[in-house]
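J.: Below you'll find the structure I mean.
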4 protein chains.
Amino acid sequence: MYFASDNSGPVHPAIMQALNEANSGYAMGYGDDPQMDQVRARLREIFEAPEAAIYLVILGTASNSLALATLCNPMQTVFCSPVAHIHEDECNAPEFFTGGAKLTLVPGGDKMTGAALRTAIEAEETRGVHGPQRGPVSISQVTERGGVYSLQQLQDLTDVAREFGLPVHMDGARFANALVTLNHSPAEITWKIGVDALSFGGTKNGCMGVEAVIFFDPSKAWEFELRRKRAAHLLSKHRYLSAQMLAYLQDDLWLNTARAANDNCTRLAQGLRKAGAEFQHQPEANIIFATLPRRVHQRLHEAGAVYHLLDGGLDGDPSQMLPFRLVCDWSISDDLIDQFLGLL
Amino acid sequence: MYFASDNSGPVHPAIMQALNEANSGYAMGYGDDPQMDQVRARLREIFEAPEAAIYLVILGTASNSLALATLCNPMQTVFCSPVAHIHEDECNAPEFFTGGAKLTLVPGGDKMTGAALRTAIEAEETRGVHGPQRGPVSISQVTERGGVYSLQQLQDLTDVAREFGLPVHMDGARFANALVTLNHSPAEITWKIGVDALSFGGTKNGCMGVEAVIFFDPSKAWEFELRRKRAAHLLSKHRYLSAQMLAYLQDDLWLNTARAANDNCTRLAQGLRKAGAEFQHQPEANIIFATLPRRVHQRLHEAGAVYHLLDGGLDGDPSQMLPFRLVCDWSISDDLIDQFLGLL
Amino acid sequence: MYFASDNSGPVHPAIMQALNEANSGYAMGYGDDPQMDQVRARLREIFEAPEAAIYLVILGTASNSLALATLCNPMQTVFCSPVAHIHEDECNAPEFFTGGAKLTLVPGGDKMTGAALRTAIEAEETRGVHGPQRGPVSISQVTERGGVYSLQQLQDLTDVAREFGLPVHMDGARFANALVTLNHSPAEITWKIGVDALSFGGTKNGCMGVEAVIFFDPSKAWEFELRRKRAAHLLSKHRYLSAQMLAYLQDDLWLNTARAANDNCTRLAQGLRKAGAEFQHQPEANIIFATLPRRVHQRLHEAGAVYHLLDGGLDGDPSQMLPFRLVCDWSISDDLIDQFLGLL
Amino acid sequence: MYFASDNSGPVHPAIMQALNEANSGYAMGYGDDPQMDQVRARLREIFEAPEAAIYLVILGTASNSLALATLCNPMQTVFCSPVAHIHEDECNAPEFFTGGAKLTLVPGGDKMTGAALRTAIEAEETRGVHGPQRGPVSISQVTERGGVYSLQQLQDLTDVAREFGLPVHMDGARFANALVTLNHSPAEITWKIGVDALSFGGTKNGCMGVEAVIFFDPSKAWEFELRRKRAAHLLSKHRYLSAQMLAYLQDDLWLNTARAANDNCTRLAQGLRKAGAEFQHQPEANIIFATLPRRVHQRLHEAGAVYHLLDGGLDGDPSQMLPFRLVCDWSISDDLIDQFLGLL
């Protein structure tokens, strides 16, 4: 009953098999392996973007920070949600990679709205050279609280960005989970509405450690390559990244693992709702933020469930409602979910 | 009738005279001029801080950024007001000088409160290595909206900082203006309550361009010297900085010019109040934020008054209340103030 | 006949097996996996350094840059060989990670000498605050030209560093290859003579992608952890790094693969010598720099040998001597070496 | 008898007078003063460059570093002389301002040659993404050892830069001194041969502290403005920079002070030559590097002469030849030179 994170489970067997198969003979390093050509071709096909520049890195913070550094100069500010991973969970990595750009937190909750984004953008750069300059908008899809922007919600944001001439970055660490929630194609929720660069996650969805950075406009490709190398994110034995990504894209594995994770989450959410849990955010992908009485948490922990309590510990008034987070990956079995729900 | 800024007026004649007098013969450069010894001695005396490390730079952004970079590592975040100069008016200079630290905006208005600061500090670094680390607290005294922290208000902030082991920086671009408002000694409102580094302004209060950076604990003095040089803020003909600062401190000139500026402001504020202006912030030093009907602004501008309208221009409904800012320096004459008030 | 690099061959089967075995169940991320405890214990044992702080990252540029950034402030300069990997092959990564420190190239060849290092150190920082400050000494062991510093040669360098109070970093991307050449213990060629931080390579010696950073003095451990996270080098699924390193250290695998690589190199060198190749550097580990007539290179390339020509291509005067580089890893078979030598 | 530096003498009376005259009434800050328009017009006229973007900063390290940061991205390397001020005397400022670019020292002496520059450029970036990328060429005119590049020597350098598509920066801290040595116009030795950005010095030639940065191609003007502000080098009371520069350019003052300094140097050099001094570098502007016996230095120092000994002190073998440096500014009187020469 492990719901602490979607990066704690095992690598999907198909990915593991691909790594084993890749482990034969000699291959050029640093991204010049032949599998990378296939990765590039496959992602261009999936995104209907034959010109896209595509790179692999080992983890999400790298893909986000390198993409932002390529889109943003150090005198600018990045517009993002107050709970964005780039703000809260990367120990100033975006500030480091950009050479000292700022992050402007768009007021509101987890999901930014077009109106709030507009207000935040308008508030910046009324001071000419004195204030930070307006820079990219960064959208987390899935959000950090488990929400999925609808096509319309996304377009509200990208319309505002486009109006101000600002580039758009999408943190898609859980892009596949968002995609299977929405009834749209990858292209429709990215470049067709104005996303310039996408962090396309694999790690949280069955891979060992691989993320693609996709620039739909390839004009900054070389700059990105240099930034990746300079940040020590160009792997010598790159074929093992390519192999993962290739297997991930093969036979819709990426969609199947995401769908499994989301389905697990839906099942959990239904059970929690029945058991009286209150939801702080509507679970739209594979993450749940809800509250339950402490006594239930005590029971779950005793039975070995692993997940994060968000405010307060197991000791205290048994009837107090305690917020918690559950995250599902593809690997959680129905049995374990039933076992968990049975304890409620 | 020039109320646009306190850096637009002339240099005080005594400062100018000091520059002329310094302009004779040869002097060692880069801070090794003999006048700098006197500056150091005089400031140590004024602040009752015989060990303090003291440096001169040419402008406030440099003093703030260099002081913060010395107190803050790139993995940390600086706690400050949402309207702090270091956040709004320095084009990411603190992020640049610190090598990519973050600024955490303490929710609330212009003045931070101890309670809000505590909440902001507690919210950071609950994530171990993942989030930004807690760094210095930066207090603007005078605030950007013309407020002056009382001794108790300051102590509320420094107590919280000390509780969390965080260093305290004071942006004292208008330190003298704050001092003459309060009935306390320089030491009482700085190191005695836990301020570690002070940006001690001269430029806005009659100098041509000089600010002192004072570290009450000199242990990081050498690091600061290197940072100053590396940022191109160590002047070769440093004697002209020393001469300004020395004249500024001579015969209480700094207090007299600050008092003149504050008195001018008080007089203006009284007249504005009589004329029906509404104050957005209580003017406690030399800055006024208030509103007047557009028609009054039109009249003032026609008569040649220079100051900033903050939201909207001169064209429109004559009865609409428009916010504006007035800043006084020592040089504004009573006549001009009367002339201005007469137009209300 | 693949001699282009020691990062082009397959992962050692034992490492691969360990990855497969690690792929079961759930594990805490970000270095909190139980295998990491074993890695730490094992490396402390191998280095007789029970206090050492030990971290894993995915590639050598990251380990070098993060170690240097922890040892070096941005006002300093790192002393290294003119052909050091950190200077020539990391696209300014050390400058990036340190926040703008400089690299001072110690005149001479591939191996630094104590005398040349002393001269270089003495030349810096005669200018007080004006020049770069003296920072760490970085030693590549194995060197970029395939040399191995003897204990005495190392000590000549670390003695000079210690005399000036400078920390010492060792780029040990091929540390195992050096170790099996020398008749000394890991401790004897590192902390016992004054090495402060070691990049301990695994990737070039049979792993998929893992390097340990070892701080023999753990006082800067936390700073390193923050720097690693901020640079996006803290892996979420860290157990797969731990598993590699653990297998690498198991049953002396690391020494066996290094010995195999060095033996391959010796065999190659002997054959080359017999065939009249001239050696530009004495091959002391697993790398050869030599020259052969173009006609021989033509023959080798036609037969499918893969390696780097260093100055000039296959077209031209057949009798011209062309320099080239051969690198061996553990996986090169005797047959292939014989086949290669047979073509000479 | 003060020959220690050309930044130790007094400000020229005409500059001082201009500062006094500027000190009246109110002026917009941050470069929007009306005098700046005149500065811009005058420099465009002098350089026959009606489109040039022109900015003022307070000292040479700022002008160099900001110009280079605008021309150079952090993945590149700047080509310069091994004794360039940007390398030896700015405490890593160029590395800081560029965000971590490298400096590649062109082998040879004080003056770079076209051939050596070509070799250095060719040596870089043979490694694709791995090595530093080729960036700007920075030429010091006057050089740090008192040399002046001839038009042909400059063109040899700029031709090479142009061939590789690299921008050219000129560190003209002593540009006026070079100009009066050469028989060419300002345009002829800058943009007409391919200089892109010029640090045009005033401080060492009679000003209190002002340098112009001139971009002959204004396309990066806005980026420069942002970089200047972010580095805390945009002065609020900017009119005092403008006033200095305006007076400096008025009635050829800048050329007259430079000519005076060079003439003083020539006179000194002739006297030294007669007295048996050996010259390490040919003095071509206002700086002398020579050697004299220690006994002469002892005599000079006893008589109060101030200048730098470069290797060794006053104690020791009286007949030993000791190298030293003399720098002249405009203010050195003939009497003092005679007095100095009389002591030889």
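Residues in the structure tokens are numbered from 1 in each chain, the chains being A, B, ... in the order shown, and ligands are numbered from 1 in the order shown.
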Up to 9 Å from chain C, what residues of chain A turn up? Count only C-alpha atoms and give them as a VMD selection string.

T.: chain A and resid 2 4 to 5 7 to 13 16 19 to 20 22 to 29 58 to 63 65 90 to 94 96 to 97 99 203 208 to 209 226 to 227 229 to 237 240

J.: Take the residues from that selection and write them out as a PDB file, in the first residue's frame, keeping C-alpha atoms.

T.:
```
ATOM      1  CA  TYR A   2       2.565   2.515  -1.207  1.00  0.00           C
ATOM      2  CA  ALA A   4       3.819   8.191  -1.201  1.00  0.00           C
ATOM      3  CA  SER A   5       4.927   9.110  -4.696  1.00  0.00           C
ATOM      4  CA  ASN A   7       8.593   7.727  -8.333  1.00  0.00           C
ATOM      5  CA  SER A   8       8.879   5.051  -5.687  1.00  0.00           C
ATOM      6  CA  GLY A   9       7.576   2.098  -7.591  1.00  0.00           C
ATOM      7  CA  PRO A  10       9.481  -0.284  -9.849  1.00  0.00           C
ATOM      8  CA  VAL A  11      10.411   0.394 -13.439  1.00  0.00           C
ATOM      9  CA  HIS A  12       7.898  -1.127 -15.834  1.00  0.00           C
ATOM     10  CA  PRO A  13       9.078  -4.557 -17.074  1.00  0.00           C
ATOM     11  CA  MET A  16      13.596  -2.882 -18.007  1.00  0.00           C
ATOM     12  CA  LEU A  19      17.473  -1.603 -21.088  1.00  0.00           C
ATOM     13  CA  ASN A  20      18.652  -5.171 -21.089  1.00  0.00           C
ATOM     14  CA  ALA A  22      20.157  -2.146 -25.364  1.00  0.00           C
ATOM     15  CA  ASN A  23      23.062  -3.566 -23.432  1.00  0.00           C
ATOM     16  CA  SER A  24      24.916  -5.109 -26.287  1.00  0.00           C
ATOM     17  CA  GLY A  25      27.853  -3.986 -28.338  1.00  0.00           C
ATOM     18  CA  TYR A  26      29.163  -0.485 -28.813  1.00  0.00           C
ATOM     19  CA  ALA A  27      27.287   2.738 -29.357  1.00  0.00           C
ATOM     20  CA  MET A  28      28.291   6.321 -29.899  1.00  0.00           C
ATOM     21  CA  GLY A  29      27.779   8.352 -26.751  1.00  0.00           C
ATOM     22  CA  ILE A  58      17.504  12.139 -16.713  1.00  0.00           C
ATOM     23  CA  LEU A  59      15.029  13.963 -14.486  1.00  0.00           C
ATOM     24  CA  GLY A  60      12.268  16.497 -14.383  1.00  0.00           C
ATOM     25  CA  THR A  61      14.061  19.321 -12.612  1.00  0.00           C
ATOM     26  CA  ALA A  62      16.677  19.222 -15.356  1.00  0.00           C
ATOM     27  CA  SER A  63      14.131  19.309 -18.147  1.00  0.00           C
ATOM     28  CA  SER A  65      15.263  24.256 -15.675  1.00  0.00           C
ATOM     29  CA  GLU A  90      13.705  22.518  -6.992  1.00  0.00           C
ATOM     30  CA  CYS A  91      15.911  24.327  -4.446  1.00  0.00           C
ATOM     31  CA  ASN A  92      16.282  27.385  -6.720  1.00  0.00           C
ATOM     32  CA  ALA A  93      17.232  25.322  -9.769  1.00  0.00           C
ATOM     33  CA  PRO A  94      15.385  27.632 -12.202  1.00  0.00           C
ATOM     34  CA  PHE A  96      20.464  28.779 -11.060  1.00  0.00           C
ATOM     35  CA  PHE A  97      20.006  27.586 -14.616  1.00  0.00           C
ATOM     36  CA  GLY A  99      21.492  32.840 -14.261  1.00  0.00           C
ATOM     37  CA  THR A 203      10.213   8.877 -14.839  1.00  0.00           C
ATOM     38  CA  MET A 208      13.855   4.437 -14.623  1.00  0.00           C
ATOM     39  CA  GLY A 209      14.829   8.027 -15.284  1.00  0.00           C
ATOM     40  CA  LEU A 226      25.084  23.751 -24.957  1.00  0.00           C
ATOM     41  CA  ARG A 227      23.112  24.478 -21.804  1.00  0.00           C
ATOM     42  CA  LYS A 229      26.162  19.942 -21.643  1.00  0.00           C
ATOM     43  CA  ARG A 230      27.238  22.832 -19.398  1.00  0.00           C
ATOM     44  CA  ALA A 231      24.810  21.675 -16.720  1.00  0.00           C
ATOM     45  CA  ALA A 232      26.228  18.123 -16.843  1.00  0.00           C
ATOM     46  CA  HIS A 233      23.012  16.700 -18.195  1.00  0.00           C
ATOM     47  CA  LEU A 234      24.343  15.260 -21.432  1.00  0.00           C
ATOM     48  CA  LEU A 235      24.797  11.575 -20.691  1.00  0.00           C
ATOM     49  CA  SER A 236      27.738   9.735 -22.146  1.00  0.00           C
ATOM     50  CA  LYS A 237      25.939   6.378 -22.248  1.00  0.00           C
ATOM     51  CA  TYR A 240      20.152   3.856 -22.080  1.00  0.00           C
TER      52      TYR A 240
END
```

J.: Write out as an MDAnalysis selection string which residues come within 12 Å of region 38-42 of chain A when counting only C-alpha atoms, dropping same-chain ones fewer than 2 positions away.

T.: chainID A and resid 31:36 44:56 210:215 238:252

J.: Residues within 7 Å of Pro167 (chain C), please, as a compact mmCIF listing (two decimals) with N, CA, C and O atoms, in the first residue's frame. Count only C-alpha atoms; anything in the same chain fewer than 4 positions from it doesn't count.

T.:
```txt
# COMPACT_ATOMS: atom_id res chain seq x y z
N LEU C 71 34.01 23.30 -3.02
CA LEU C 71 35.34 23.65 -2.48
C LEU C 71 35.78 25.06 -2.85
O LEU C 71 36.77 25.56 -2.30
N PRO C 136 40.96 25.81 -5.19
CA PRO C 136 41.37 24.41 -5.14
C PRO C 136 42.34 24.01 -6.25
O PRO C 136 42.38 24.61 -7.32
N VAL C 137 43.08 22.96 -5.98
CA VAL C 137 43.89 22.28 -6.99
C VAL C 137 43.11 21.05 -7.44
O VAL C 137 42.62 20.30 -6.60
N ALA C 161 49.76 22.34 -2.40
CA ALA C 161 48.41 22.81 -2.08
C ALA C 161 48.28 23.07 -0.58
O ALA C 161 47.79 24.11 -0.15
N ASP C 196 40.98 16.23 -0.65
CA ASP C 196 39.79 16.56 0.13
C ASP C 196 38.53 15.98 -0.46
O ASP C 196 37.62 15.58 0.25
```

J.: Report the residues of region 57-299 of chain D whose backbone DSSP state falls under strand (DSSP E), written as an MDAnalysis selection string.

T.: chainID D and resid 57 76:80 102:105 133:140 168:172 197:201 211:215 278:279 287:293

J.: Work out how far apart CA of Leu326 (chain B) and CA of Cys265 (chain B) are and give it in Å to one decimal.

T.: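 Spanning CA of Leu326 (chain B) to CA of Cys265 (chain B) is a straight-line distance of 8.3 Å.
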
J.: Need the shell around region 335-340 of chain A: protein/DNA/RNA residues with any atom at most 10 Å away, counting only C-alpha atoms. Skip same-chain ones fewer than 6 positions apart. Format as a PDB file with all heavy atoms, in the first residue's frame?

T.:
```
ATOM      1  N   MET A   1       0.846  -1.193   0.000  1.00  0.00           N
ATOM      2  CA  MET A   1       0.000   0.000   0.000  1.00  0.00           C
ATOM      3  C   MET A   1       0.877   1.237   0.000  1.00  0.00           C
ATOM      4  O   MET A   1       0.930   1.994   0.952  1.00  0.00           O
ATOM      5  CB  MET A   1      -0.914  -0.008   1.231  1.00  0.00           C
ATOM      6  CG  MET A   1      -1.943  -1.130   1.168  1.00  0.00           C
ATOM      7  SD  MET A   1      -3.091  -1.030   2.565  1.00  0.00           S
ATOM      8  CE  MET A   1      -1.985  -1.350   3.941  1.00  0.00           C
ATOM      9  N   TYR A   2       1.594   1.432  -1.111  1.00  0.00           N
ATOM     10  CA  TYR A   2       2.565   2.515  -1.207  1.00  0.00           C
ATOM     11  C   TYR A   2       1.998   3.623  -2.075  1.00  0.00           C
ATOM     12  O   TYR A   2       1.929   3.499  -3.294  1.00  0.00           O
ATOM     13  CB  TYR A   2       3.878   1.989  -1.803  1.00  0.00           C
ATOM     14  CG  TYR A   2       5.053   2.838  -1.442  1.00  0.00           C
ATOM     15  CD1 TYR A   2       5.952   2.464  -0.439  1.00  0.00           C
ATOM     16  CD2 TYR A   2       5.262   4.056  -2.082  1.00  0.00           C
ATOM     17  CE1 TYR A   2       7.031   3.255  -0.107  1.00  0.00           C
ATOM     18  CE2 TYR A   2       6.332   4.857  -1.750  1.00  0.00           C
ATOM     19  CZ  TYR A   2       7.214   4.451  -0.765  1.00  0.00           C
ATOM     20  OH  TYR A   2       8.280   5.244  -0.427  1.00  0.00           O
ATOM     21  N   PHE A   3       1.601   4.720  -1.441  1.00  0.00           N
ATOM     22  CA  PHE A   3       0.994   5.835  -2.170  1.00  0.00           C
ATOM     23  C   PHE A   3       1.783   7.134  -1.933  1.00  0.00           C
ATOM     24  O   PHE A   3       1.249   8.221  -2.056  1.00  0.00           O
ATOM     25  CB  PHE A   3      -0.455   6.037  -1.737  1.00  0.00           C
ATOM     26  CG  PHE A   3      -1.315   4.831  -1.962  1.00  0.00           C
ATOM     27  CD1 PHE A   3      -1.666   3.986  -0.915  1.00  0.00           C
ATOM     28  CD2 PHE A   3      -1.758   4.528  -3.248  1.00  0.00           C
ATOM     29  CE1 PHE A   3      -2.463   2.874  -1.124  1.00  0.00           C
ATOM     30  CE2 PHE A   3      -2.557   3.410  -3.466  1.00  0.00           C
ATOM     31  CZ  PHE A   3      -2.906   2.571  -2.405  1.00  0.00           C
ATOM     32  N   ASN A 264      -6.422   3.755 -11.034  1.00  0.00           N
ATOM     33  CA  ASN A 264      -6.181   3.446  -9.625  1.00  0.00           C
ATOM     34  C   ASN A 264      -6.619   4.605  -8.744  1.00  0.00           C
ATOM     35  O   ASN A 264      -7.219   4.410  -7.682  1.00  0.00           O
ATOM     36  CB  ASN A 264      -4.696   3.160  -9.386  1.00  0.00           C
ATOM     37  CG  ASN A 264      -4.260   1.836  -9.986  1.00  0.00           C
ATOM     38  OD1 ASN A 264      -5.100   0.953 -10.218  1.00  0.00           O
ATOM     39  ND2 ASN A 264      -2.966   1.693 -10.230  1.00  0.00           N
ATOM     40  N   CYS A 265      -6.307   5.781  -9.197  1.00  0.00           N
ATOM     41  CA  CYS A 265      -6.646   6.969  -8.429  1.00  0.00           C
ATOM     42  C   CYS A 265      -8.160   7.143  -8.335  1.00  0.00           C
ATOM     43  O   CYS A 265      -8.697   7.437  -7.255  1.00  0.00           O
ATOM     44  CB  CYS A 265      -6.003   8.185  -9.087  1.00  0.00           C
ATOM     45  SG  CYS A 265      -6.340   9.734  -8.244  1.00  0.00           S
ATOM     46  N   ARG A 267     -10.462   4.880  -8.530  1.00  0.00           N
ATOM     47  CA  ARG A 267     -10.968   3.841  -7.632  1.00  0.00           C
ATOM     48  C   ARG A 267     -10.745   4.205  -6.165  1.00  0.00           C
ATOM     49  O   ARG A 267     -11.644   4.082  -5.332  1.00  0.00           O
ATOM     50  CB  ARG A 267     -10.211   2.565  -7.987  1.00  0.00           C
ATOM     51  CG  ARG A 267     -10.767   1.342  -7.354  1.00  0.00           C
ATOM     52  CD  ARG A 267     -10.147   0.138  -8.031  1.00  0.00           C
ATOM     53  NE  ARG A 267     -10.482  -1.066  -7.279  1.00  0.00           N
ATOM     54  CZ  ARG A 267     -10.448  -2.281  -7.784  1.00  0.00           C
ATOM     55  NH1 ARG A 267     -10.052  -2.437  -9.041  1.00  0.00           N
ATOM     56  NH2 ARG A 267     -10.776  -3.331  -7.052  1.00  0.00           N
ATOM     57  N   LEU A 268      -9.559   4.687  -5.888  1.00  0.00           N
ATOM     58  CA  LEU A 268      -9.243   5.132  -4.531  1.00  0.00           C
ATOM     59  C   LEU A 268     -10.155   6.272  -4.113  1.00  0.00           C
ATOM     60  O   LEU A 268     -10.682   6.289  -2.995  1.00  0.00           O
ATOM     61  CB  LEU A 268      -7.798   5.651  -4.484  1.00  0.00           C
ATOM     62  CG  LEU A 268      -6.713   4.777  -3.904  1.00  0.00           C
ATOM     63  CD1 LEU A 268      -5.396   5.544  -3.946  1.00  0.00           C
ATOM     64  CD2 LEU A 268      -7.023   4.341  -2.468  1.00  0.00           C
ATOM     65  N   GLY A 271     -13.658   5.202  -3.240  1.00  0.00           N
ATOM     66  CA  GLY A 271     -13.691   4.564  -1.929  1.00  0.00           C
ATOM     67  C   GLY A 271     -13.554   5.577  -0.811  1.00  0.00           C
ATOM     68  O   GLY A 271     -14.238   5.503   0.216  1.00  0.00           O
ATOM     69  N   LEU A 272     -12.675   6.539  -1.006  1.00  0.00           N
ATOM     70  CA  LEU A 272     -12.475   7.553   0.025  1.00  0.00           C
ATOM     71  C   LEU A 272     -13.741   8.389   0.216  1.00  0.00           C
ATOM     72  O   LEU A 272     -14.121   8.721   1.340  1.00  0.00           O
ATOM     73  CB  LEU A 272     -11.315   8.475  -0.372  1.00  0.00           C
ATOM     74  CG  LEU A 272      -9.915   7.887  -0.178  1.00  0.00           C
ATOM     75  CD1 LEU A 272      -8.873   8.694  -0.955  1.00  0.00           C
ATOM     76  CD2 LEU A 272      -9.553   7.842   1.309  1.00  0.00           C
ATOM     77  N   LEU A 300      -4.543   3.081   9.172  1.00  0.00           N
ATOM     78  CA  LEU A 300      -3.872   2.818   7.892  1.00  0.00           C
ATOM     79  C   LEU A 300      -2.364   2.630   8.095  1.00  0.00           C
ATOM     80  O   LEU A 300      -1.748   1.722   7.521  1.00  0.00           O
ATOM     81  CB  LEU A 300      -4.123   3.976   6.925  1.00  0.00           C
ATOM     82  CG  LEU A 300      -5.549   4.044   6.338  1.00  0.00           C
ATOM     83  CD1 LEU A 300      -5.831   5.425   5.747  1.00  0.00           C
ATOM     84  CD2 LEU A 300      -5.731   2.962   5.269  1.00  0.00           C
ATOM     85  N   ALA A 303      -1.417  -0.597   9.544  1.00  0.00           N
ATOM     86  CA  ALA A 303      -1.518  -1.687   8.559  1.00  0.00           C
ATOM     87  C   ALA A 303      -0.446  -1.599   7.479  1.00  0.00           C
ATOM     88  O   ALA A 303      -0.420  -2.404   6.559  1.00  0.00           O
ATOM     89  CB  ALA A 303      -2.903  -1.658   7.920  1.00  0.00           C
ATOM     90  N   GLY A 304       0.410  -0.587   7.580  1.00  0.00           N
ATOM     91  CA  GLY A 304       1.538  -0.536   6.645  1.00  0.00           C
ATOM     92  C   GLY A 304       1.357   0.368   5.443  1.00  0.00           C
ATOM     93  O   GLY A 304       2.202   0.363   4.542  1.00  0.00           O
ATOM     94  N   ALA A 305       0.299   1.137   5.420  1.00  0.00           N
ATOM     95  CA  ALA A 305       0.124   2.064   4.294  1.00  0.00           C
ATOM     96  C   ALA A 305       1.195   3.158   4.380  1.00  0.00           C
ATOM     97  O   ALA A 305       1.524   3.637   5.469  1.00  0.00           O
ATOM     98  CB  ALA A 305      -1.271   2.683   4.325  1.00  0.00           C
ATOM     99  N   CYS A 328      -0.765   7.680  -7.071  1.00  0.00           N
ATOM    100  CA  CYS A 328      -0.780   6.336  -7.656  1.00  0.00           C
ATOM    101  C   CYS A 328       0.153   6.277  -8.849  1.00  0.00           C
ATOM    102  O   CYS A 328       0.211   7.206  -9.644  1.00  0.00           O
ATOM    103  CB  CYS A 328      -2.182   6.012  -8.184  1.00  0.00           C
ATOM    104  SG  CYS A 328      -3.432   6.021  -6.906  1.00  0.00           S
TER     105      CYS A 328
END
```

J.: Excluding same-chain residues fewer than 3 positions from region 72-85 of chain B, what lies within 8 Å of it counting only C-alpha atoms, as a ChimeraX atom specification?

T.: /A:91-92,96 /B:68-69,88-90,98-112,117,120-121,132-140,143-144 /C:226-227,230

J.: May I ask for the distance between CA of Gly316 (chain D) and CA of Arg294 (chain D), given in Å to one decimal place?

T.: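 These two atoms are separated by 7.6 Å.
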
J.: Work out how far CA of Glu163 (chain B) is from CA of Val129 (chain B), in Å to one decimal.

T.: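 Computed distance, CA of Val129 (chain B) to CA of Glu163 (chain B), equals 20.9 Å.
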
J.: Going by DSSP on the backbone, which residues of region 189-228 of chain B come out as helix (DSSP H, G or I)? List them as a list in words.

T.: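 Selecting the helix (DSSP H, G or I) positions of region 189-228 of chain B gives Trp191, Lys192, Ile193, Thr203, Lys204, Asn205, Pro218, Ser219, Lys220, Ala221, Trp222, Glu223, Phe224, Glu225, Leu226, Arg227 and Arg228 of chain B.
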